[in-house]
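Structure first, then comments.
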Amino acid sequence: MAEVVFSKVQKKFGAFTAVHGLDLSIAEGEFVSLLGPSGCGKTTTLRMLAGLEFPSSGDIQIGDRVVNDLAPGQRDIAMVFQSYALYPHLTVGDNIGYPLKKRGVGKAERLAAVAKTAELLQLTELLKRKPRQLSGGQQQRVALGRALVRDPQVFLLDEPLSNLDAKLRGYMRVELVELHRRLGRTMVYVTHDQLEAMTMSDRIAVMEGGKLQQFAPPAQVYAEPANRFVASFIGTPGMTLIDGDLSQTGGVWTFNAPGLSMPVGPLTDEATAGPACLGVRPEHVSIGTGPVQGVIQVVEKTGHENIVIIGLEGGHRLTGRVPAPQSWSIGESVQLTLEAEHAHIFGAGPHGARLNRPHETAPLKTKHNPDKTKPKLQKAANE
Amino acid sequence: MLTFRKILFNLMAWSIVLAVAFPLFWMLVTSVKPGFELFRRPPTILPETWTFEHYWKLLSETNFLIYFRNSIILSSATTLVVVAVATLGAFSLVRFKYRGRESLAFLVLFTYLLPSVVLIIPLYLLLVGLGVSNTIFSLVIAYTTFALPYALWLLRSFMAGIPEDLESAALCDGATRMGAFRDVILPQLLPGIISTALFTFILSWNEYLYALVLVNSDSSRPLTTGVMNMLISSFNIEWSLLMAASVMMSVPLIIVFAFLQSYLTRGFGAGGVKG
């Protein structure tokens, strides 16, 4: 087990900077997701940790060793690739046993370890097969097995579930969390799927444009996004973001946009009057009564709830979320309330920082859940 | 209508096959005809008397076996050198990123565009300067110059088809660069290596021009120039012996083709659709 520390790590490919001065400290035994859109530098970060790319500057530390100049094999890591990267000419057994073979483990010991890993992953029947004779899910388990057979300090997973179908992906998410709980090893998980990151991680590192945007537990990333980018990236359906102006009268801040004026509450000292952005999660919009006037434009029925898109007077669109029985017809005029205590205020620009004063406790964590599966899994992880 | 087209198609296909196969057939038949039957009119399709005297004469009274040995050594050595260098070269061109990588690859191909005739004189002078002229070794060097660019490009496209993740995985699993190359890349590249080796072997086996110019002693002549020199003079062509020699020259290639033709066709398709 080991902590992983990135200190001012930068990676350049020619003139292009893929990762800008990354500072990230992952605790021992933690499950951390690197989350972001494609091209955000998350895979480059993982590959630098694996030793497949070398940082242009800065230090990477695993445990108490600076590993900058170490080859991947010397770092005591195991990596699962998006493509699985199984050796096509070797049997499943030889694939899983390969890392042990490369470390000079004797044949008898190797076979015993492979058998044990295979049993854990229900691969015992398949040990003599070649990878191409396996289904996607089975190949995925072999790739996991090859990582698990050794007992590395850090597991690196590069979008391991993205080639599976939705059902299997949901199953494997639970399996991976279970595995992490059992092994207690540090795991770094790269994904562009926020659901995976939210449901599995102890902490999420949200990245964009090669920069770390926020590094916090899933509930906090959801409830208190550090900036406008994180706010827009996390959450399905996404947070409504409305550009407008901030003004202050007698210590009370008010947000104004065409067709919308609402008090917002306590802001940090960085807040200034002028252009700003209001963010409201769909679950914090209540439809029925309220000071805001809107017209229902789209109703998306997902089964247990309805997603409602409402046009505001000023041309902005607002997303709301209501339990399934409630529905409106398109074109209907409605009154709305935006819950001021849950409204987010961001500075101007695409990366405008969150200006709300941080909550002393984390009240939102218990008030609502970003994803229904999270508490169950977290409970399992804490057991 | 459909059957008519079918018949026409078959007719055309078979006439092409016949056109290609007849010279081979005639070669075989001529080689086992006694000399007096060769120029008879009308010609006999199958020999009236079968004889292997030409083969026997070639093997016992001429340098044929020496030429044969030279050709085997020459083609094998060339194949070995070319495949070894091209495999590592292709690995470098595909996997490592360095300045001028693409231009280097094109420069290599460019040498292939120059006609051999242009290269022969400088190559000859170079080999004389090196003190290796008139040896099999000098031919190995010469053949490598024209076989290597082609082999490099062929292997490069094979190598590009091997996912980089495989190598990365091997590195993470504790292999060294060379270890990953040996354990993971080479087994994947094997079909490519075999088809490249075949092409190179066939090229060297059939090469004539360089052998004619660079080597003029019987001890290092390969089959192509050796047989030509031995059996064809300004005044006479030993047709029977020539055909027997041709048959024996073709045998190694036919054997190689018979066993490895699937790899060869795969080589033709390299860089296209992955099989």
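Ordering of the structure tokens sets the chain letters (A, B, ...), residue numbers begin anew at 1 in every chain, and ligands are numbered from 1 in the order given.
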
Practice task
Considering only C-alpha atoms, return as JSON, numbers by chain whatever protein or nucleic-acid residues lie within 12 Å of Ile66 in chain B, sequence-local ones (same chain, fewer than 6 positions apart) excluded.
Solution key: {"B": [58, 59, 60, 72, 73, 74, 217, 218, 219, 220, 221, 222, 223, 226, 227]}

Pull out every residue of chain B sitting within 7 Å of chain A, counting only C-alpha atoms, and send them as a CSV table (one decimal) with N, CA and C atoms, in the first residue's frame.
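This went into selection.csv:
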chain,number,residue,atom,x,y,z
B,165,ASP,N,-0.9,-0.8,-26.8
B,165,ASP,CA,-1.2,-1.2,-25.4
B,165,ASP,C,-0.6,-2.5,-25.0
B,166,LEU,N,-0.5,-3.4,-26.0
B,166,LEU,CA,0.1,-4.7,-25.7
B,166,LEU,C,1.5,-4.6,-25.1
B,168,SER,N,2.7,-1.8,-23.8
B,168,SER,CA,2.6,-1.1,-22.5
B,168,SER,C,2.3,-2.0,-21.4
B,169,ALA,N,1.4,-2.9,-21.7
B,169,ALA,CA,0.9,-3.9,-20.7
B,169,ALA,C,2.1,-4.8,-20.3
B,171,LEU,N,5.2,-3.9,-20.4
B,171,LEU,CA,6.1,-3.1,-19.6
B,171,LEU,C,5.6,-3.0,-18.1
B,172,CYS,N,4.3,-2.8,-18.0
B,172,CYS,CA,3.7,-2.7,-16.6
B,172,CYS,C,3.9,-4.0,-15.9
B,173,ASP,N,3.8,-5.1,-16.7
B,173,ASP,CA,3.9,-6.4,-16.0
B,173,ASP,C,5.3,-6.8,-15.7
B,174,GLY,N,6.2,-5.9,-15.9
B,174,GLY,CA,7.6,-6.1,-15.4
B,174,GLY,C,8.6,-6.5,-16.5
B,175,ALA,N,8.2,-6.4,-17.8
B,175,ALA,CA,9.1,-6.8,-18.8
B,175,ALA,C,10.0,-5.6,-19.2
B,184,VAL,N,6.0,-10.3,-26.6
B,184,VAL,CA,4.7,-9.8,-27.1
B,184,VAL,C,4.7,-9.4,-28.6
B,187,PRO,N,5.8,-12.5,-31.3
B,187,PRO,CA,4.8,-13.5,-31.7
B,187,PRO,C,3.7,-12.9,-32.5

Practice task
Would you mind telling me which residue in A:Ser333, A:Thr268, A:Gln326, A:Ser33 lies nearest to Leu355 in chain A when using only C-alpha atoms?
Solution key: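 Ranking A:Ser333, A:Thr268, A:Gln326, A:Ser33 by distance to Leu355 in chain A, first place goes to A:Thr268.
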
Exercise for the section: Return as a PyMOL selection string the full set of residues in range 18-169 of chain B whose backbone-based DSSP assignment is helix (DSSP H, G or I). Expected result: chain B and resi 18-31+35-37+53-61+64-95+101-113+116-130+136-160+164-169

Practice task
Check the smallest atom-to-atom distance from each of A:Lys301, A:Glu341, A:Gln335, A:Ser7 to Pro323 in chain A using only C-alpha atoms, then report the winner.
Solution key: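 Of the candidates, the smallest distance to Pro323 in chain A is held by A:Lys301.
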
Practice task
Using DSSP on the backbone, list every residue of range 147-221 of chain A that comes out as strand (DSSP E or B), and give them as a count of residues only.
Solution key: 23

Exercise for the section: Return the single residue from A:Val206, A:Val322, A:Leu168, A:Ile345 that is closest to Gly244 in chain A, with distances computed using only C-alpha atoms. Expected result: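 Among the listed residues, A:Ile345 lies closest to Gly244 in chain A.
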
Handout entry: Who sits within 10 Å of Pro291 in chain A, only C-alpha atoms, same chain under 4 positions skipped, as a ChimeraX atom specification
Key = /A:259-262,335-338
